[in-house]
Amino acid sequence: MSYAAMDRQQFFARPPAWRRLACTWRRKNLERIRGCFHMVANLHAIVGSEARDKCVEDLSATFGLEYLKNYVGEIRFFERLPLIMQTQLCAEPAIGPVGVISLSAYLSNPSLGPRYALPNLLPKAAALCYPSTKKRKMQCEVESISQTLGFGLFQYACNTLLDAAEDNQGQVCHTDFDTVHVRSSVQKVQTLQAKLQATEDEDAQQALEEDITGEILWFCWRGIRSEIDLILAAAVTYVRNDADECYRAGLLEITEIIKRTSYISTNVETTYLRRVMHDAGIGVSKYGLWLEARAADAVTTMDRPG
């Protein structure tokens with residue numbers, strides 16, 4: 001049975017579960033993420049830079065970008081987001097620096113972002129060839145990353161470099177997320193937001209809140225992944241041509257540490273958000289399930305005698 005089919009079956013079996021699953025703290029958490037995204041993306045009225053900076057920090061922490069920085073490199077997706085929105089959602093992009101919309105152009109422009117550097121995964125991998133204290137420290141760091149939505153991205157980066165070190169021919173994706181997905185994703189979020197504002201039913205509101213937040217998280221995840229892909233593209237070439245056996249052994253050790261680290265976060269909030277993001281990624285709409293459940297209840301009521 002597919003994931004979506006199981007989700008529908010569970011939903012139909014327990015329609016009232018919304019009030020149990022989406023309790024007050026979860027709804028506030030979903031609202032916090034939506035508010036931060038709208039503020040960072042300039043979808044709200046103009047806000048102060050201090051408030052926007054706090055939201056950037058909040059979203060960055062949700063995806064563990066500070067941890068990823070130590071392994072993959074500095075990810076600037078949330079700093080770039082206002083620029084992305086301005087150039088992609090306006091009919092006539094401005095001339096000059098604001099008109100730079102390509103991710104590769106941004107990362108290679110010293111006035112807009114940092115130039116490419118080899119990810120810290122490589123020296124960290126080499127360091128694992130030495131004292132065991134390095135391994136213990138890395139185990140702690142991997143466990144910290146696992147408590148964020150960036151764990152899958154970290155795992156992806158490690159596996160990509162390990163494949164390169166072992167001479168596998170897998171290719172890094174080169175999709176420029178900025179120019180491909182932004183407009184459609186934002187329009188979808190805005191459409192769902194309009195439905196939420198027009199809905200009075202509490203169960204429907206909770207379903208829409210999950211759908212909107214899931215779309216936002218999935219949007220951010222893909223944007224961060226696109227930036228990591230650009231970094232990895234050059235790193236893969238380096239690993240294939242110049243990395244020695246110590247690098248390969250170290251990368252293999254990191255992937256083994258990841259395998260030993262539970263993907264089920266001990267942080268209940270992160271586990272919940274990961275599920276919400278995953279649902280959006282595979283196209284499961286909680287609002288759609290709610291509509292189906294309501295229609296099924298209506299049919300059952302009509303068929304009930306007397």
# chains A, B, ... in the order shown; residues from 1 in each chain; ligands from 1
call {"tool": "closest_atom_pairs", "arguments": {"of": "region 32-79 of chain A", "to": "region 155-161 of chain A", "cutoff": "10 Å", "atoms": "only C-alpha atoms", "output": "tab-separated table"}}
result
residue	atom	partner	partner_atom	distance
A:Leu68	CA	A:Ala157	CA	9.8
A:Tyr71	CA	A:Ala157	CA	9.0
A:Val72	CA	A:Ala157	CA	7.4
call {"tool": "write_last_selection", "arguments": {"atoms": "N, CA and C atoms", "output": "PDB file, in the first residue's frame"}}
result
ATOM      1  N   LEU A  68      25.300  22.467   9.191  1.00  0.00           N
ATOM      2  CA  LEU A  68      25.690  22.144   7.820  1.00  0.00           C
ATOM      3  C   LEU A  68      26.882  22.980   7.362  1.00  0.00           C
ATOM      4  N   TYR A  71      30.202  21.421   7.619  1.00  0.00           N
ATOM      5  CA  TYR A  71      30.484  20.267   6.776  1.00  0.00           C
ATOM      6  C   TYR A  71      30.389  20.583   5.286  1.00  0.00           C
ATOM      7  N   VAL A  72      29.330  21.273   4.893  1.00  0.00           N
ATOM      8  CA  VAL A  72      29.078  21.523   3.480  1.00  0.00           C
ATOM      9  C   VAL A  72      29.581  22.898   3.054  1.00  0.00           C
TER      10      VAL A  72
END
call {"tool": "residues_around", "arguments": {"residues": "Thr237 (chain A)", "least_positions_apart": "4", "cutoff": "8 Å", "atoms": "only C-alpha atoms", "output": "PyMOL selection string"}}
result
chain A and resi 164+233+241
call {"tool": "residues_around", "arguments": {"residues": "Thr270 (chain A)", "least_positions_apart": "4", "cutoff": "7 Å", "atoms": "only C-alpha atoms", "output": "count of residues only"}}
result
5
call {"tool": "closest_residue", "arguments": {"among": "A:Ala51, A:Ile216, A:Val142, A:Leu291", "to": "Val186 (chain A)", "atoms": "only C-alpha atoms"}}
result
A:Ile216
call {"tool": "residues_around", "arguments": {"residues": "Phe219 (chain A)", "least_positions_apart": "3", "cutoff": "10 Å", "atoms": "only C-alpha atoms", "output": "VMD selection string"}}
result
chain A and resid 177 181 to 182 185 to 186 189 213 to 216 222 to 225 277 280 to 281
call {"tool": "closest_residue", "arguments": {"among": "A:Thr62, A:Phe151, A:Asp167, A:Leu83", "to": "Tyr238 (chain A)", "atoms": "only C-alpha atoms"}}
result
A:Asp167
call {"tool": "atom_distance", "arguments": {"atom1": "CA of His278 (chain A)", "atom2": "CA of Met85 (chain A)"}}
result
23.6 Å
call {"tool": "residues_around", "arguments": {"residues": "Glu141 (chain A)", "least_positions_apart": "4", "cutoff": "10 Å", "atoms": "only C-alpha atoms", "output": "list in words"}}
result
Tyr67, Leu68, Asn70, Tyr71, Lys135, Arg136, Lys137, Ile145 and Ser146 of chain A
call {"tool": "write_last_selection", "arguments": {"atoms": "N, CA, C and O atoms", "output": "mmCIF file, in the first residue's frame"}}
result
data_model
loop_
_atom_site.group_PDB
_atom_site.id
_atom_site.type_symbol
_atom_site.label_atom_id
_atom_site.label_comp_id
_atom_site.auth_asym_id
_atom_site.auth_seq_id
_atom_site.Cartn_x
_atom_site.Cartn_y
_atom_site.Cartn_z
ATOM 1 N N TYR A 67 24.942 23.916 11.576
ATOM 2 C CA TYR A 67 25.650 22.635 11.597
ATOM 3 C C TYR A 67 26.151 22.274 10.209
ATOM 4 O O TYR A 67 27.287 21.821 10.031
ATOM 5 N N LEU A 68 25.300 22.467 9.191
ATOM 6 C CA LEU A 68 25.690 22.144 7.820
ATOM 7 C C LEU A 68 26.882 22.980 7.362
ATOM 8 O O LEU A 68 27.701 22.525 6.558
ATOM 9 N N ASN A 70 29.456 23.681 8.936
ATOM 10 C CA ASN A 70 30.698 23.046 9.368
ATOM 11 C C ASN A 70 31.110 21.895 8.470
ATOM 12 O O ASN A 70 32.246 21.415 8.551
ATOM 13 N N TYR A 71 30.202 21.421 7.619
ATOM 14 C CA TYR A 71 30.484 20.267 6.776
ATOM 15 C C TYR A 71 30.389 20.583 5.286
ATOM 16 O O TYR A 71 31.241 20.184 4.504
ATOM 17 N N LYS A 135 36.274 11.000 16.024
ATOM 18 C CA LYS A 135 35.059 10.245 15.728
ATOM 19 C C LYS A 135 33.979 10.533 16.757
ATOM 20 O O LYS A 135 32.812 10.695 16.407
ATOM 21 N N ARG A 136 34.358 10.592 18.025
ATOM 22 C CA ARG A 136 33.374 10.868 19.071
ATOM 23 C C ARG A 136 32.774 12.259 18.887
ATOM 24 O O ARG A 136 31.562 12.469 19.060
ATOM 25 N N LYS A 137 33.630 13.218 18.536
ATOM 26 C CA LYS A 137 33.144 14.573 18.313
ATOM 27 C C LYS A 137 32.191 14.607 17.128
ATOM 28 O O LYS A 137 31.133 15.249 17.176
ATOM 29 N N ILE A 145 22.785 17.401 14.107
ATOM 30 C CA ILE A 145 22.182 17.638 12.797
ATOM 31 C C ILE A 145 20.904 16.826 12.636
ATOM 32 O O ILE A 145 19.932 17.280 12.030
ATOM 33 N N SER A 146 20.885 15.624 13.221
ATOM 34 C CA SER A 146 19.713 14.751 13.073
ATOM 35 C C SER A 146 18.469 15.320 13.740
ATOM 36 O O SER A 146 17.355 14.870 13.465
#
call {"tool": "atom_distance", "arguments": {"atom1": "CA of Tyr247 (chain A)", "atom2": "CA of Ala125 (chain A)"}}
result
5.5 Å
call {"tool": "atom_distance", "arguments": {"atom1": "CA of Thr261 (chain A)", "atom2": "CA of Glu143 (chain A)"}}
result
6.4 Å
call {"tool": "decode", "arguments": {"residues": "region 27-69 of chain A", "atoms": "N, CA and C atoms", "output": "compact mmCIF listing (two decimals), in the first residue's frame"}}
result
# COMPACT_ATOMS: atom_id res chain seq x y z
N ARG A 27 0.01 24.14 16.30
CA ARG A 27 -0.55 25.19 15.45
C ARG A 27 0.25 26.48 15.59
N LYS A 28 0.69 26.76 16.81
CA LYS A 28 1.51 27.96 17.00
C LYS A 28 2.85 27.82 16.30
N ASN A 29 3.38 26.61 16.30
CA ASN A 29 4.65 26.37 15.62
C ASN A 29 4.50 26.54 14.11
N LEU A 30 3.42 26.01 13.57
CA LEU A 30 3.15 26.17 12.14
C LEU A 30 2.99 27.65 11.80
N GLU A 31 2.30 28.38 12.66
CA GLU A 31 2.09 29.81 12.44
C GLU A 31 3.43 30.56 12.49
N ARG A 32 4.30 30.15 13.41
CA ARG A 32 5.62 30.78 13.51
C ARG A 32 6.40 30.62 12.21
N ILE A 33 6.39 29.43 11.65
CA ILE A 33 7.14 29.18 10.41
C ILE A 33 6.55 29.96 9.26
N ARG A 34 5.23 29.99 9.16
CA ARG A 34 4.60 30.74 8.08
C ARG A 34 4.93 32.24 8.20
N GLY A 35 4.86 32.75 9.43
CA GLY A 35 5.15 34.16 9.65
C GLY A 35 6.59 34.50 9.30
N CYS A 36 7.53 33.65 9.70
CA CYS A 36 8.94 33.89 9.40
C CYS A 36 9.18 33.87 7.90
N PHE A 37 8.58 32.90 7.23
CA PHE A 37 8.79 32.80 5.78
C PHE A 37 8.24 34.03 5.07
N HIS A 38 7.03 34.44 5.41
CA HIS A 38 6.44 35.61 4.76
C HIS A 38 7.28 36.87 5.01
N MET A 39 7.85 36.96 6.21
CA MET A 39 8.66 38.13 6.53
C MET A 39 9.98 38.11 5.77
N VAL A 40 10.65 36.96 5.76
CA VAL A 40 11.94 36.84 5.07
C VAL A 40 11.77 37.01 3.57
N ALA A 41 10.67 36.46 3.03
CA ALA A 41 10.44 36.50 1.58
C ALA A 41 9.81 37.80 1.10
N ASN A 42 9.59 38.73 2.03
CA ASN A 42 8.98 40.02 1.69
C ASN A 42 7.56 39.87 1.15
N LEU A 43 6.85 38.84 1.63
CA LEU A 43 5.45 38.67 1.23
C LEU A 43 4.53 39.46 2.15
N HIS A 44 5.05 39.94 3.26
CA HIS A 44 4.30 40.83 4.14
C HIS A 44 4.63 42.28 3.78
N ALA A 45 4.00 43.18 4.48
CA ALA A 45 4.38 44.58 4.34
C ALA A 45 5.84 44.74 4.76
N ILE A 46 6.44 45.83 4.36
CA ILE A 46 7.85 46.08 4.66
C ILE A 46 8.09 46.00 6.18
N VAL A 47 9.10 45.24 6.56
CA VAL A 47 9.42 45.08 7.98
C VAL A 47 10.86 45.52 8.21
N GLY A 48 11.17 45.75 9.47
CA GLY A 48 12.52 46.17 9.82
C GLY A 48 13.53 45.07 9.61
N SER A 49 14.77 45.47 9.38
CA SER A 49 15.83 44.48 9.12
C SER A 49 16.10 43.61 10.34
N GLU A 50 15.92 44.16 11.54
CA GLU A 50 16.17 43.37 12.75
C GLU A 50 15.17 42.23 12.87
N ALA A 51 13.90 42.51 12.61
CA ALA A 51 12.87 41.47 12.66
C ALA A 51 13.13 40.42 11.59
N ARG A 52 13.53 40.86 10.39
CA ARG A 52 13.80 39.91 9.32
C ARG A 52 15.01 39.05 9.66
N ASP A 53 16.04 39.64 10.25
CA ASP A 53 17.24 38.88 10.62
C ASP A 53 16.90 37.79 11.64
N LYS A 54 16.01 38.10 12.57
CA LYS A 54 15.60 37.10 13.56
C LYS A 54 14.88 35.94 12.89
N CYS A 55 14.07 36.27 11.88
CA CYS A 55 13.35 35.21 11.16
C CYS A 55 14.31 34.36 10.33
N VAL A 56 15.33 34.99 9.76
CA VAL A 56 16.35 34.24 9.03
C VAL A 56 17.05 33.26 9.97
N GLU A 57 17.38 33.73 11.17
CA GLU A 57 18.01 32.86 12.17
C GLU A 57 17.09 31.71 12.56
N ASP A 58 15.80 32.00 12.70
CA ASP A 58 14.83 31.00 13.10
C ASP A 58 14.72 29.90 12.03
N LEU A 59 14.54 30.30 10.78
CA LEU A 59 14.42 29.33 9.70
C LEU A 59 15.73 28.57 9.49
N SER A 60 16.84 29.25 9.62
CA SER A 60 18.14 28.59 9.47
C SER A 60 18.33 27.52 10.54
N ALA A 61 17.90 27.82 11.77
CA ALA A 61 18.00 26.84 12.86
C ALA A 61 17.10 25.65 12.60
N THR A 62 15.93 25.88 12.03
CA THR A 62 15.01 24.78 11.72
C THR A 62 15.66 23.76 10.79
N PHE A 63 16.46 24.26 9.85
CA PHE A 63 17.14 23.37 8.89
C PHE A 63 18.58 23.05 9.29
N GLY A 64 19.00 23.51 10.45
CA GLY A 64 20.34 23.18 10.94
C GLY A 64 21.46 23.73 10.08
N LEU A 65 21.27 24.92 9.50
CA LEU A 65 22.28 25.46 8.59
C LEU A 65 23.60 25.76 9.29
N GLU A 66 23.54 26.08 10.57
CA GLU A 66 24.79 26.33 11.30
C GLU A 66 25.61 25.06 11.40
N TYR A 67 24.94 23.92 11.58
CA TYR A 67 25.65 22.63 11.60
C TYR A 67 26.15 22.27 10.21
N LEU A 68 25.30 22.47 9.19
CA LEU A 68 25.69 22.14 7.82
C LEU A 68 26.88 22.98 7.36
N LYS A 69 26.97 24.20 7.88
CA LYS A 69 28.08 25.09 7.52
C LYS A 69 29.42 24.44 7.85
